[in-house]
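Student: Sharing model.cif, mmCIF, C-alpha atoms:
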```cif
data_final
#
loop_
_atom_site.label_atom_id
_atom_site.label_comp_id
_atom_site.auth_asym_id
_atom_site.auth_seq_id
_atom_site.Cartn_x
_atom_site.Cartn_y
_atom_site.Cartn_z
CA MET A 17 0.00 0.00 0.00
CA LYS A 18 1.24 3.51 -0.82
CA PRO A 19 2.03 5.98 2.00
CA LEU A 20 -0.47 8.57 3.12
CA CYS A 21 -0.72 11.66 0.94
CA ALA A 22 1.53 13.71 3.22
CA ALA A 23 4.62 11.59 3.10
CA ASP A 24 6.78 13.39 5.61
CA SER A 25 7.20 11.59 8.92
CA LYS A 26 5.55 14.30 11.02
CA CYS A 27 2.26 14.08 9.14
CA VAL A 28 2.32 10.27 9.13
CA VAL A 29 2.92 10.23 12.89
CA GLN A 30 0.08 12.70 13.46
CA THR A 31 -2.23 10.62 11.29
CA MET A 32 -1.36 7.42 13.16
CA GLN A 33 -1.87 9.18 16.47
CA ASN A 34 -5.32 10.33 15.44
CA CYS A 35 -6.23 6.82 14.25
CA TRP A 36 -5.01 5.18 17.47
CA MET A 37 -6.61 7.79 19.70
CA ALA A 38 -9.93 7.40 17.87
CA CYS A 39 -9.72 3.62 18.38
CA LEU A 40 -8.79 3.94 22.08
CA ILE A 41 -11.57 6.46 22.71
CA LEU A 42 -14.03 4.17 20.93
CA ILE A 43 -12.94 1.21 23.09
CA ALA A 44 -13.22 3.30 26.25
CA SER A 45 -16.68 4.48 25.25
CA ALA A 46 -17.90 0.88 25.02
CA ALA A 47 -17.97 0.66 28.84
CA LEU A 48 -19.92 3.92 29.04
CA ILE A 49 -22.41 2.67 26.43
CA GLU A 50 -22.83 -0.60 28.32
CA ASN A 51 -23.38 1.22 31.63
CA THR A 52 -25.86 3.67 30.07
CA ASP A 53 -27.81 0.85 28.41
CA SER A 54 -27.88 -0.98 31.76
CA LEU A 55 -29.25 2.12 33.46
CA LYS A 56 -31.93 2.50 30.79
CA ALA A 57 -32.99 -1.11 31.30
CA LYS A 58 -33.15 -0.56 35.06
CA ARG A 59 -35.22 2.58 34.56
CA ASN A 60 -37.63 0.60 32.39
CA GLU A 61 -37.99 -1.97 35.18
CA LEU A 62 -38.65 0.80 37.69
CA SER A 63 -41.26 2.33 35.38
CA ALA A 64 -43.06 -1.02 35.32
CA GLN A 65 -42.84 -1.29 39.15
CA ILE A 66 -44.12 2.28 39.55
CA ALA A 67 -47.07 1.45 37.33
CA GLU A 68 -47.88 -1.64 39.41
CA VAL A 69 -47.55 0.21 42.75
CA SER A 70 -49.67 3.10 41.47
CA LYS A 71 -52.27 0.61 40.24
CA ARG A 72 -52.51 -0.76 43.75
CA LYS A 73 -52.79 2.84 44.97
CA GLU A 74 -49.67 2.48 47.11
CA ASP A 75 -46.91 5.07 47.69
CA ALA A 76 -44.42 5.06 44.77
CA THR A 77 -42.36 8.07 45.88
CA ALA A 78 -39.18 6.11 46.62
CA LEU A 79 -39.35 4.33 43.30
CA LYS A 80 -39.93 7.60 41.47
CA ASP A 81 -36.97 9.22 43.23
CA GLN A 82 -34.80 6.25 42.27
CA SER A 83 -36.01 6.46 38.65
CA ARG A 84 -35.33 10.20 38.58
CA ALA A 85 -31.79 9.70 39.88
CA ILE A 86 -31.15 7.03 37.25
CA GLY A 87 -32.54 9.40 34.61
CA ASP A 88 -30.00 12.03 35.67
CA GLU A 89 -27.20 9.44 35.35
CA ILE A 90 -28.46 8.48 31.89
CA ALA A 91 -28.55 12.15 30.83
CA HIS A 92 -24.95 12.63 31.97
CA GLY A 93 -23.91 9.42 30.19
CA ASP A 94 -25.61 10.48 26.93
CA ALA A 95 -23.91 13.90 27.13
CA ASP A 96 -20.53 12.22 27.68
CA LEU A 97 -21.18 9.91 24.71
CA LYS A 98 -21.98 12.92 22.50
CA GLU A 99 -18.66 14.53 23.44
CA ILE A 100 -16.83 11.27 22.74
CA GLU A 101 -18.52 10.91 19.34
CA LYS A 102 -17.59 14.51 18.51
CA ASP A 103 -13.96 13.88 19.53
CA ILE A 104 -13.77 10.71 17.41
CA GLU A 105 -15.32 12.47 14.41
CA THR A 106 -12.87 15.39 14.72
CA ARG A 107 -9.88 13.05 14.83
CA LEU A 108 -11.13 11.05 11.85
CA MET A 109 -11.72 14.27 9.91
CA LEU A 110 -8.00 15.06 10.27
CA ILE A 111 -6.95 11.86 8.48
CA PRO A 112 -5.94 12.61 4.85
CA ASN A 113 -7.00 10.71 1.78
CA LEU A 114 -4.92 7.82 0.43
CA PRO A 115 -3.07 8.45 -2.84
CA HIS A 116 -3.95 6.55 -6.00
CA GLU A 117 -1.50 3.85 -7.06
CA SER A 118 -0.32 6.00 -9.98
CA VAL A 119 0.83 8.83 -7.67
CA PRO A 120 4.64 8.91 -7.29
CA PHE A 121 6.04 8.64 -3.77
CA GLY A 122 7.87 11.76 -2.64
CA LYS A 123 8.32 14.25 0.17
CA SER A 124 8.32 17.61 -1.63
CA ALA A 125 7.68 19.46 -4.89
CA GLU A 126 11.16 18.50 -6.10
CA GLU A 127 9.85 14.97 -6.60
CA ASN A 128 6.84 15.94 -8.72
CA VAL A 129 6.77 14.61 -12.28
CA VAL A 130 6.42 16.70 -15.45
CA VAL A 131 3.76 14.94 -17.53
CA ARG A 132 3.79 17.18 -20.58
CA GLU A 133 4.70 20.65 -21.79
CA TRP A 134 3.02 22.77 -24.47
CA GLY A 135 4.38 25.69 -26.46
CA LYS A 136 7.67 27.50 -26.06
CA LYS A 137 9.00 30.09 -23.67
CA PRO A 138 8.52 33.54 -25.27
CA THR A 139 11.59 35.43 -26.40
CA PHE A 140 12.00 39.18 -26.94
CA ASP A 141 14.30 41.44 -28.97
CA PHE A 142 13.93 44.08 -26.26
CA LYS A 143 14.13 44.09 -22.46
CA PRO A 144 10.69 42.93 -21.27
CA LYS A 145 8.93 44.54 -18.31
CA ASP A 146 7.39 42.60 -15.46
CA HIS A 147 3.64 42.62 -14.82
CA LEU A 148 3.89 45.19 -12.02
CA THR A 149 5.75 47.69 -14.20
CA LEU A 150 3.37 47.09 -17.09
CA GLY A 151 0.30 47.34 -14.90
CA LYS A 152 1.42 50.65 -13.42
CA SER A 153 2.53 52.23 -16.72
CA LEU A 154 -0.70 51.18 -18.45
CA GLY A 155 -2.90 52.21 -15.50
CA ILE A 156 -4.71 48.86 -15.39
CA CYS A 157 -4.15 47.83 -11.77
CA ASP A 158 -3.88 49.70 -8.49
CA PHE A 159 -2.47 47.73 -5.55
CA GLU A 160 -1.96 50.84 -3.39
CA ARG A 161 -5.66 51.77 -3.37
CA GLY A 162 -6.64 48.14 -2.87
CA THR A 163 -4.44 48.12 0.23
CA LYS A 164 -6.05 51.36 1.42
CA ILE A 165 -9.53 49.87 1.01
CA ALA A 166 -9.01 46.40 2.50
CA GLY A 167 -5.32 45.67 3.13
CA SER A 168 -2.57 44.00 1.14
CA GLY A 169 -3.59 41.21 -1.19
CA PHE A 170 -6.79 42.93 -2.38
CA PRO A 171 -6.13 44.45 -5.83
CA VAL A 172 -8.08 47.06 -7.75
CA TYR A 173 -8.39 46.49 -11.51
CA ARG A 174 -8.82 49.63 -13.59
CA ALA A 175 -10.03 50.51 -17.08
CA ALA A 176 -8.62 48.00 -19.59
CA GLY A 177 -7.43 45.84 -16.68
CA ALA A 178 -10.96 45.45 -15.29
CA ILE A 179 -12.35 44.74 -18.76
CA LEU A 180 -9.59 42.23 -19.49
CA GLU A 181 -10.18 40.35 -16.25
CA ARG A 182 -13.95 40.20 -16.81
CA SER A 183 -13.37 39.14 -20.41
CA LEU A 184 -11.18 36.25 -19.29
CA LEU A 185 -13.92 34.97 -16.97
CA ASN A 186 -16.54 35.15 -19.73
CA PHE A 187 -14.16 33.43 -22.11
CA PHE A 188 -13.52 30.61 -19.62
CA LEU A 189 -17.23 29.98 -18.99
CA GLU A 190 -18.29 30.10 -22.63
CA THR A 191 -15.44 27.82 -23.70
CA HIS A 192 -16.36 25.20 -21.10
CA ARG A 193 -20.04 25.35 -22.07
CA GLU A 194 -19.29 25.13 -25.77
CA ARG A 195 -17.28 21.95 -25.21
CA GLY A 196 -20.66 20.48 -24.33
CA THR A 197 -20.08 18.91 -20.94
CA TYR A 198 -20.53 21.63 -18.31
CA THR A 199 -23.66 23.24 -16.91
CA GLU A 200 -22.95 26.78 -15.75
CA VAL A 201 -24.11 27.63 -12.23
CA SER A 202 -24.08 30.76 -10.09
CA VAL A 203 -23.70 29.90 -6.42
CA PRO A 204 -23.47 31.72 -3.04
CA PHE A 205 -20.15 33.28 -2.08
CA VAL A 206 -20.65 32.28 1.57
CA VAL A 207 -21.28 28.79 2.93
CA ASN A 208 -22.26 27.21 6.23
CA ARG A 209 -20.08 25.00 8.40
CA GLU A 210 -21.62 21.78 7.08
CA SER A 211 -20.74 22.70 3.50
CA ILE A 212 -17.12 23.61 4.12
CA THR A 213 -16.67 20.50 6.28
CA GLY A 214 -18.10 18.38 3.47
CA THR A 215 -15.36 19.38 1.03
CA GLY A 216 -12.57 18.92 3.59
CA GLN A 217 -11.51 22.47 4.49
CA LEU A 218 -12.75 21.97 8.06
CA PRO A 219 -11.56 21.23 10.63
CA LYS A 220 -7.97 21.18 9.33
CA PHE A 221 -7.75 24.53 7.50
CA GLU A 222 -9.98 26.85 9.52
CA GLU A 223 -7.17 29.36 10.06
CA ASP A 224 -6.97 29.93 6.29
CA LEU A 225 -10.66 30.88 6.02
CA TYR A 226 -12.49 34.16 6.46
CA ARG A 227 -15.36 33.59 8.90
CA CYS A 228 -18.49 35.66 9.59
CA ASP A 229 -18.81 35.04 13.33
CA THR A 230 -22.38 36.26 13.84
CA ASP A 231 -23.88 33.70 11.44
CA ASP A 232 -21.06 31.12 11.49
CA LEU A 233 -20.70 31.47 7.72
CA PHE A 234 -17.46 31.32 5.72
CA LEU A 235 -16.35 33.29 2.67
CA ILE A 236 -15.60 30.63 0.10
CA PRO A 237 -11.94 29.80 -0.68
CA THR A 238 -13.09 28.35 -4.03
CA ALA A 239 -16.33 27.63 -5.90
CA GLU A 240 -15.55 23.94 -5.32
CA VAL A 241 -17.22 24.29 -1.91
CA PRO A 242 -20.70 25.56 -2.87
CA ILE A 243 -20.87 23.63 -6.15
CA THR A 244 -19.94 20.29 -4.56
CA ASN A 245 -22.45 20.90 -1.76
CA MET A 246 -25.28 21.43 -4.23
CA HIS A 247 -25.76 17.65 -3.94
CA ARG A 248 -24.91 17.22 -0.26
CA ASP A 249 -27.04 14.48 1.37
CA GLU A 250 -28.55 13.50 -1.99
CA ILE A 251 -28.77 10.22 -3.88
CA LEU A 252 -28.23 10.73 -7.62
CA SER A 253 -29.29 8.31 -10.33
CA GLU A 254 -26.60 6.49 -12.28
CA SER A 255 -27.98 7.88 -15.54
CA GLU A 256 -27.18 11.44 -14.36
CA LEU A 257 -23.46 10.74 -14.06
CA PRO A 258 -21.10 12.26 -14.80
CA LEU A 259 -22.58 15.56 -13.60
CA CYS A 260 -20.36 18.42 -14.74
CA TYR A 261 -20.62 22.01 -13.54
CA CYS A 262 -18.66 25.20 -14.07
CA GLY A 263 -19.12 28.45 -12.22
CA TYR A 264 -17.50 31.78 -11.49
CA THR A 265 -16.93 33.11 -7.97
CA PRO A 266 -14.50 35.36 -6.19
CA CYS A 267 -12.29 33.38 -3.81
CA PHE A 268 -11.17 34.48 -0.35
CA ARG A 269 -8.09 33.06 1.38
CA ARG A 270 -6.30 34.34 4.45
CA GLU A 271 -3.13 32.53 3.32
CA ALA A 272 -2.17 32.13 6.98
CA GLY A 273 0.77 29.89 6.09
CA SER A 274 2.22 32.05 3.31
CA TYR A 275 4.64 34.11 5.41
CA GLY A 276 7.93 34.48 3.55
CA LYS A 277 6.48 33.47 0.17
CA ASP A 278 6.49 35.77 -2.86
CA THR A 279 3.50 38.10 -2.51
CA ARG A 280 4.37 40.65 -5.20
CA GLY A 281 1.55 41.89 -7.40
CA PHE A 282 -0.80 39.17 -8.56
CA LEU A 283 1.36 36.28 -7.36
CA ARG A 284 -0.47 35.72 -4.05
CA LEU A 285 -3.77 37.40 -3.17
CA HIS A 286 -6.39 37.24 -0.44
CA GLN A 287 -9.18 37.83 -2.96
CA PHE A 288 -9.15 36.70 -6.58
CA ASP A 289 -11.52 35.56 -9.32
CA LYS A 290 -11.75 32.04 -10.63
CA VAL A 291 -13.89 29.74 -12.74
CA GLU A 292 -14.14 26.29 -11.20
CA MET A 293 -14.99 22.96 -12.83
CA VAL A 294 -16.63 20.31 -10.63
CA LYS A 295 -17.57 16.74 -11.57
CA PHE A 296 -19.55 13.96 -9.90
CA ALA A 297 -18.59 10.63 -11.50
CA LYS A 298 -19.04 6.90 -11.12
CA PRO A 299 -16.02 5.33 -9.39
CA ASP A 300 -15.01 3.26 -12.42
CA GLU A 301 -15.06 6.36 -14.66
CA SER A 302 -13.56 9.00 -12.38
CA TYR A 303 -9.96 8.73 -13.58
CA ALA A 304 -11.00 9.06 -17.22
CA GLU A 305 -13.00 12.13 -16.16
CA HIS A 306 -9.94 13.43 -14.33
CA GLU A 307 -7.93 13.39 -17.56
CA LYS A 308 -10.77 15.15 -19.40
CA LEU A 309 -11.03 17.81 -16.70
CA THR A 310 -7.30 18.51 -16.90
CA ALA A 311 -7.52 18.69 -20.70
CA ASP A 312 -10.39 21.20 -20.41
CA ALA A 313 -8.20 23.48 -18.29
CA THR A 314 -5.19 23.26 -20.59
CA HIS A 315 -7.41 23.81 -23.65
CA ILE A 316 -8.01 27.35 -22.39
CA LEU A 317 -4.27 28.03 -22.26
CA GLU A 318 -3.71 26.65 -25.74
CA LEU A 319 -6.41 28.94 -27.14
CA LEU A 320 -4.73 31.88 -25.43
CA GLY A 321 -1.27 30.82 -26.63
CA ILE A 322 0.23 30.64 -23.12
CA HIS A 323 3.21 28.32 -22.58
CA TYR A 324 2.35 25.71 -19.91
CA ARG A 325 3.28 22.38 -18.40
CA VAL A 326 1.31 19.73 -16.48
CA ILE A 327 2.80 18.36 -13.25
CA LEU A 328 1.76 15.13 -11.50
CA LEU A 329 2.13 15.82 -7.79
CA CYS A 330 3.95 13.33 -5.60
CA SER A 331 2.40 12.01 -2.39
CA GLY A 332 4.16 14.55 -0.15
CA ASP A 333 3.11 17.61 -2.19
CA MET A 334 -0.49 16.62 -2.75
CA GLY A 335 -3.42 18.27 -0.98
CA PHE A 336 -5.12 16.87 2.11
CA GLY A 337 -8.18 15.43 0.34
CA ALA A 338 -6.87 14.48 -3.11
CA ALA A 339 -6.18 10.93 -4.29
CA LYS A 340 -4.44 12.27 -7.39
CA CYS A 341 -3.66 15.80 -8.52
CA TYR A 342 -2.26 17.54 -11.58
CA ASP A 343 -0.96 21.09 -11.25
CA ILE A 344 -0.98 23.21 -14.39
CA GLU A 345 1.81 25.78 -14.44
CA ILE A 346 2.35 28.69 -16.82
CA TRP A 347 5.63 30.42 -17.61
CA SER A 348 6.29 33.97 -16.42
CA PRO A 349 8.98 35.46 -18.70
CA CYS A 350 10.01 38.18 -16.24
CA GLU A 351 9.69 36.23 -13.02
CA GLU A 352 11.52 33.50 -14.95
CA LYS A 353 9.65 30.75 -13.18
CA TRP A 354 6.57 28.56 -13.43
CA LEU A 355 3.36 29.79 -11.80
CA GLU A 356 0.57 27.45 -10.77
CA VAL A 357 -2.68 28.48 -12.43
CA SER A 358 -4.80 25.38 -11.81
CA SER A 359 -4.95 22.23 -9.69
CA CYS A 360 -7.07 19.38 -11.05
CA SER A 361 -7.89 16.80 -8.40
CA ASN A 362 -9.70 13.49 -8.09
CA PHE A 363 -10.91 13.07 -4.50
CA GLU A 364 -12.48 9.66 -5.15
CA SER A 365 -15.09 9.21 -2.36
CA PHE A 366 -13.25 11.37 0.22
CA GLN A 367 -15.56 14.40 -0.11
CA ALA A 368 -18.64 12.34 -0.96
CA ARG A 369 -18.41 10.46 2.35
CA ARG A 370 -18.18 13.71 4.29
CA ALA A 371 -20.96 15.37 2.31
CA GLY A 372 -23.19 12.29 1.90
CA VAL A 373 -23.30 12.36 -1.92
CA ARG A 374 -24.29 8.98 -3.33
CA TYR A 375 -25.73 7.49 -6.50
CA ARG A 376 -28.07 4.56 -6.98
CA ARG A 377 -26.67 1.82 -9.18
CA SER A 378 -28.97 0.68 -11.96
CA ASP A 379 -27.97 -3.00 -11.72
CA ASN A 380 -28.80 -3.56 -8.05
CA ASN A 381 -30.46 -0.28 -6.94
CA LYS A 382 -27.84 -0.03 -4.18
CA PRO A 383 -26.63 3.47 -3.12
CA GLU A 384 -22.87 4.00 -3.36
CA PHE A 385 -20.66 7.04 -2.89
CA VAL A 386 -19.81 9.02 -6.03
CA HIS A 387 -16.32 10.26 -6.83
CA THR A 388 -15.88 14.04 -6.86
CA LEU A 389 -13.38 15.96 -8.97
CA ASN A 390 -12.58 19.61 -9.41
CA GLY A 391 -10.13 21.93 -11.08
CA SER A 392 -9.59 25.62 -11.78
CA GLY A 393 -10.63 26.52 -15.25
CA LEU A 394 -8.98 29.01 -14.64
CA ALA A 395 -7.93 31.49 -11.94
CA THR A 396 -7.18 34.95 -13.32
CA PRO A 397 -4.35 36.56 -11.26
CA ARG A 398 -1.31 34.51 -12.28
CA LEU A 399 -2.72 34.08 -15.76
CA LEU A 400 -2.74 37.88 -16.02
CA VAL A 401 0.94 37.88 -15.01
CA ALA A 402 1.84 35.52 -17.86
CA LEU A 403 -0.51 37.17 -20.33
CA LEU A 404 0.76 40.72 -19.77
CA GLU A 405 4.41 39.64 -19.84
CA THR A 406 4.05 37.28 -22.81
CA PHE A 407 2.11 39.63 -25.10
CA GLN A 408 3.92 42.90 -24.33
CA ASN A 409 5.46 44.94 -27.12
CA ASP A 410 8.66 47.00 -27.27
CA ASP A 411 6.68 50.28 -27.05
CA GLY A 412 5.17 49.27 -23.69
CA THR A 413 1.78 48.25 -25.06
CA VAL A 414 0.19 44.83 -24.58
CA SER A 415 -1.56 42.94 -27.38
CA ILE A 416 -4.77 41.00 -26.70
CA PRO A 417 -4.85 37.33 -27.82
CA ASP A 418 -7.19 36.84 -30.78
CA VAL A 419 -9.68 34.65 -28.87
CA LEU A 420 -10.24 37.43 -26.32
CA LYS A 421 -10.88 40.31 -28.70
CA LYS A 422 -14.61 39.63 -29.07
CA TYR A 423 -14.91 39.82 -25.27
CA THR A 424 -12.72 42.88 -24.66
CA GLY A 425 -13.78 44.91 -27.68
CA PHE A 426 -10.18 46.06 -28.16
CA SER A 427 -6.97 44.49 -29.41
CA LEU A 428 -4.30 46.62 -27.73
CA ILE A 429 -3.74 48.15 -24.28
CA THR A 430 -1.80 51.40 -24.45
CA GLN A 431 -0.72 54.12 -22.04
CA ASN A 432 -3.61 56.20 -23.36
CA GLY A 433 -6.25 53.51 -23.05
CA MET A 434 -7.44 50.84 -25.48
CA LYS A 435 -7.37 50.38 -29.26
#
```
Starting from the coordinates I provided, produce the structure as structure tokens.

Tutor:
Amino acid sequence: MKPLCAADSKCVVQTMQNCWMACLILIASAALIENTDSLKAKRNELSAQIAEVSKRKEDATALKDQSRAIGDEIAHGDADLKEIEKDIETRLMLIPNLPHESVPFGKSAEENVVVREWGKKPTFDFKPKDHLTLGKSLGICDFERGTKIAGSGFPVYRAAGAILERSLLNFFLETHRERGTYTEVSVPFVVNRESITGTGQLPKFEEDLYRCDTDDLFLIPTAEVPITNMHRDEILSESELPLCYCGYTPCFRREAGSYGKDTRGFLRLHQFDKVEMVKFAKPDESYAEHEKLTADATHILELLGIHYRVILLCSGDMGFGAAKCYDIEIWSPCEEKWLEVSSCSNFESFQARRAGVRYRRSDNNKPEFVHTLNGSGLATPRLLVALLETFQNDDGTVSIPDVLKKYTGFSLITQNGMK
């Protein structure tokens, strides 16, 4: 059997500790359950005795006091059992998914595998400018005013920049719909605790989430959460599968663990826009759907003419809930590095078990858990980095890729506006 998805020893030890503690707590609770059941049986006997004594019109006060005392013990026992069940559930919720057999073993990103690469790194006969310099000179983004409004990591898009970002989102959605497999949905930007637990963000990643305390609602970190929970606690029919959705939402992430990482410009934000693809599939078809989902994301980049590569993540670099994950990375000419623009994951039944999403098999009418999959299709910030830097011209203008021109209404971003 392959190692758990977080292959480093610390995570494995923590996982084993949670498993063992859950088992020990469950064993210990057996005595409490037995004692509580015994008390309930005794209370039933007393109830019968009280009925007999009352029927004979004799004094049943002592029996009633005894029954009341036993009832108090039962109430305390039931409360203790609820706490134990909650503790067990919390510990089990912290156990990661198991990786698929095709996932390479490894401890870090250095052991990820490049699956394929498309296009070529752009070259220039002039000194190219980075996306921050371009954005400022063209007047299309304003990080200073975003910081004034909300804090760092909340950008303001301006003029051609705002139109370009909106155009990208429309282009993503229409392209996915035109490929004939996705139903577009518009979903809430906040979710309840049950929803965000169902997709695996809670309880492990609560510190990375923005929470509305008064209503115990969470700003969504990705549209994966509300879209997947559309079918929470439902039984789907086999004929419906695969169910494929795409939807736009803003995404909100505190990025509590990002201290020391590159946060310049669009590279790491607390709020950003993204189109998400979500699939519900039969278990024997989910890995074929995973390949299709990844191809749908890369198709967008090919239409835009952006150089990319697909990475198969090793066990130690893979997310908490994924059984297999591809990262799609695009090349930033001025950063001179690869930037992740999409993660395409197959969770198998990991999320479905938490969220109670099942389907009824046609051959035996038996409900089984579906497999859930999702991937960014795509997120805009890092794509804007690559797009601005790749399609810049020596006079400081930026050309618009042909497939976007019908959405933007212009073909060139200049210092004076749009052409």

Student: Please tell me which residues are no farther than 12 Å from (-2.2, 45.3, -1.8) in the file, counting all atoms listed in the file, and write them as a ChimeraX atom specification.

Tutor: /A:148,157-173,279-287

Student: Residues of the last selection are to be written out with C-alpha atoms, as a short mmCIF file (atom, residue, chain, number, x, y, z; two decimals), in the frame of the given file.

Tutor:
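Written output follows (result_27.cif):
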```cif
data_model
loop_
_atom_site.label_atom_id
_atom_site.label_comp_id
_atom_site.auth_asym_id
_atom_site.auth_seq_id
_atom_site.Cartn_x
_atom_site.Cartn_y
_atom_site.Cartn_z
CA LEU A 148 3.89 45.19 -12.02
CA CYS A 157 -4.15 47.83 -11.77
CA ASP A 158 -3.88 49.70 -8.49
CA PHE A 159 -2.47 47.73 -5.55
CA GLU A 160 -1.96 50.84 -3.39
CA ARG A 161 -5.66 51.77 -3.37
CA GLY A 162 -6.64 48.14 -2.87
CA THR A 163 -4.44 48.12 0.23
CA LYS A 164 -6.05 51.36 1.42
CA ILE A 165 -9.53 49.87 1.01
CA ALA A 166 -9.01 46.40 2.50
CA GLY A 167 -5.32 45.67 3.13
CA SER A 168 -2.57 44.00 1.14
CA GLY A 169 -3.59 41.21 -1.19
CA PHE A 170 -6.79 42.93 -2.38
CA PRO A 171 -6.13 44.45 -5.83
CA VAL A 172 -8.08 47.06 -7.75
CA TYR A 173 -8.39 46.49 -11.51
CA THR A 279 3.50 38.10 -2.51
CA ARG A 280 4.37 40.65 -5.20
CA GLY A 281 1.55 41.89 -7.40
CA PHE A 282 -0.80 39.17 -8.56
CA LEU A 283 1.36 36.28 -7.36
CA ARG A 284 -0.47 35.72 -4.05
CA LEU A 285 -3.77 37.40 -3.17
CA HIS A 286 -6.39 37.24 -0.44
CA GLN A 287 -9.18 37.83 -2.96
#
```

Student: May I have the residues within 10 Å of segment 125-138 of chain A as a VMD selection string, using all atoms listed in the file and disregarding those fewer than 5 positions away in the same chain?

Tutor: chain A and resid 119 to 120 314 317 to 318 321 to 334 342 to 349 352 405 to 407

Student: Please, could you write that set of residues out with C-alpha atoms as a PDB file, in the coordinates of the input?

Tutor:
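Writing the result to result.pdb gives the following:
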```pdb
ATOM      1  CA  VAL A 119       0.830   8.830  -7.670  1.00  0.00           C
ATOM      2  CA  PRO A 120       4.640   8.910  -7.290  1.00  0.00           C
ATOM      3  CA  THR A 314      -5.190  23.260 -20.590  1.00  0.00           C
ATOM      4  CA  LEU A 317      -4.270  28.030 -22.260  1.00  0.00           C
ATOM      5  CA  GLU A 318      -3.710  26.650 -25.740  1.00  0.00           C
ATOM      6  CA  GLY A 321      -1.270  30.820 -26.630  1.00  0.00           C
ATOM      7  CA  ILE A 322       0.230  30.640 -23.120  1.00  0.00           C
ATOM      8  CA  HIS A 323       3.210  28.320 -22.580  1.00  0.00           C
ATOM      9  CA  TYR A 324       2.350  25.710 -19.910  1.00  0.00           C
ATOM     10  CA  ARG A 325       3.280  22.380 -18.400  1.00  0.00           C
ATOM     11  CA  VAL A 326       1.310  19.730 -16.480  1.00  0.00           C
ATOM     12  CA  ILE A 327       2.800  18.360 -13.250  1.00  0.00           C
ATOM     13  CA  LEU A 328       1.760  15.130 -11.500  1.00  0.00           C
ATOM     14  CA  LEU A 329       2.130  15.820  -7.790  1.00  0.00           C
ATOM     15  CA  CYS A 330       3.950  13.330  -5.600  1.00  0.00           C
ATOM     16  CA  SER A 331       2.400  12.010  -2.390  1.00  0.00           C
ATOM     17  CA  GLY A 332       4.160  14.550  -0.150  1.00  0.00           C
ATOM     18  CA  ASP A 333       3.110  17.610  -2.190  1.00  0.00           C
ATOM     19  CA  MET A 334      -0.490  16.620  -2.750  1.00  0.00           C
ATOM     20  CA  TYR A 342      -2.260  17.540 -11.580  1.00  0.00           C
ATOM     21  CA  ASP A 343      -0.960  21.090 -11.250  1.00  0.00           C
ATOM     22  CA  ILE A 344      -0.980  23.210 -14.390  1.00  0.00           C
ATOM     23  CA  GLU A 345       1.810  25.780 -14.440  1.00  0.00           C
ATOM     24  CA  ILE A 346       2.350  28.690 -16.820  1.00  0.00           C
ATOM     25  CA  TRP A 347       5.630  30.420 -17.610  1.00  0.00           C
ATOM     26  CA  SER A 348       6.290  33.970 -16.420  1.00  0.00           C
ATOM     27  CA  PRO A 349       8.980  35.460 -18.700  1.00  0.00           C
ATOM     28  CA  GLU A 352      11.520  33.500 -14.950  1.00  0.00           C
ATOM     29  CA  GLU A 405       4.410  39.640 -19.840  1.00  0.00           C
ATOM     30  CA  THR A 406       4.050  37.280 -22.810  1.00  0.00           C
ATOM     31  CA  PHE A 407       2.110  39.630 -25.100  1.00  0.00           C
TER      32      PHE A 407
END
```

Student: What is the atom CA of Gln431 of chain A to atom CA of Ile179 of chain A distance in Å?

Tutor: 15.3 Å

Student: Please compute the atom CA of Ala78 of chain A-atom CA of Lys58 of chain A distance, one decimal, in Å.

Tutor: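 Rounded to one decimal, the two atoms are 14.6 Å apart.
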
Student: Return as a PyMOL selection string the set of residues that the PyMOL selection byres ((chain A and resi 257-263) around 10) yields on the displayed structure.

Tutor: chain A and resi 185+188-190+192-193+196-203+239-240+242-244+252-256+264-265+290-298+301-302+305+309+375+386-393

Student: Which one of A:Val207, A:Leu218, A:Glu250, A:Arg370 sits closest to Pro383 of chain A if you count only C-alpha atoms?

Tutor: A:Glu250

Student: Residues within 12 Å of (-20.8, 11.9, 25.0), file coordinates, counting only C-alpha atoms: what are they? Give the list as a ChimeraX atom specification.

Tutor: /A:41-42,44-46,48-49,52,90-105

Student: Let me see the file: selected residues, C-alpha atoms, as a compact mmCIF listing (two decimals), in the coordinates of the input.

Tutor:
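Result file follows (out13.txt):
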```
# COMPACT_ATOMS: atom_id res chain seq x y z
CA ILE A 41 -11.57 6.46 22.71
CA LEU A 42 -14.03 4.17 20.93
CA ALA A 44 -13.22 3.30 26.25
CA SER A 45 -16.68 4.48 25.25
CA ALA A 46 -17.90 0.88 25.02
CA LEU A 48 -19.92 3.92 29.04
CA ILE A 49 -22.41 2.67 26.43
CA THR A 52 -25.86 3.67 30.07
CA ILE A 90 -28.46 8.48 31.89
CA ALA A 91 -28.55 12.15 30.83
CA HIS A 92 -24.95 12.63 31.97
CA GLY A 93 -23.91 9.42 30.19
CA ASP A 94 -25.61 10.48 26.93
CA ALA A 95 -23.91 13.90 27.13
CA ASP A 96 -20.53 12.22 27.68
CA LEU A 97 -21.18 9.91 24.71
CA LYS A 98 -21.98 12.92 22.50
CA GLU A 99 -18.66 14.53 23.44
CA ILE A 100 -16.83 11.27 22.74
CA GLU A 101 -18.52 10.91 19.34
CA LYS A 102 -17.59 14.51 18.51
CA ASP A 103 -13.96 13.88 19.53
CA ILE A 104 -13.77 10.71 17.41
CA GLU A 105 -15.32 12.47 14.41
```

Student: Run the PyMOL selection byres ((chain A and resi 184) around 9) mentally over the shown coordinates, then write out the matched residues as number ranges by chain, using the chain letters and numbers from the document.

Tutor: A: 179-183, 185-189, 394, 396, 420, 423-424
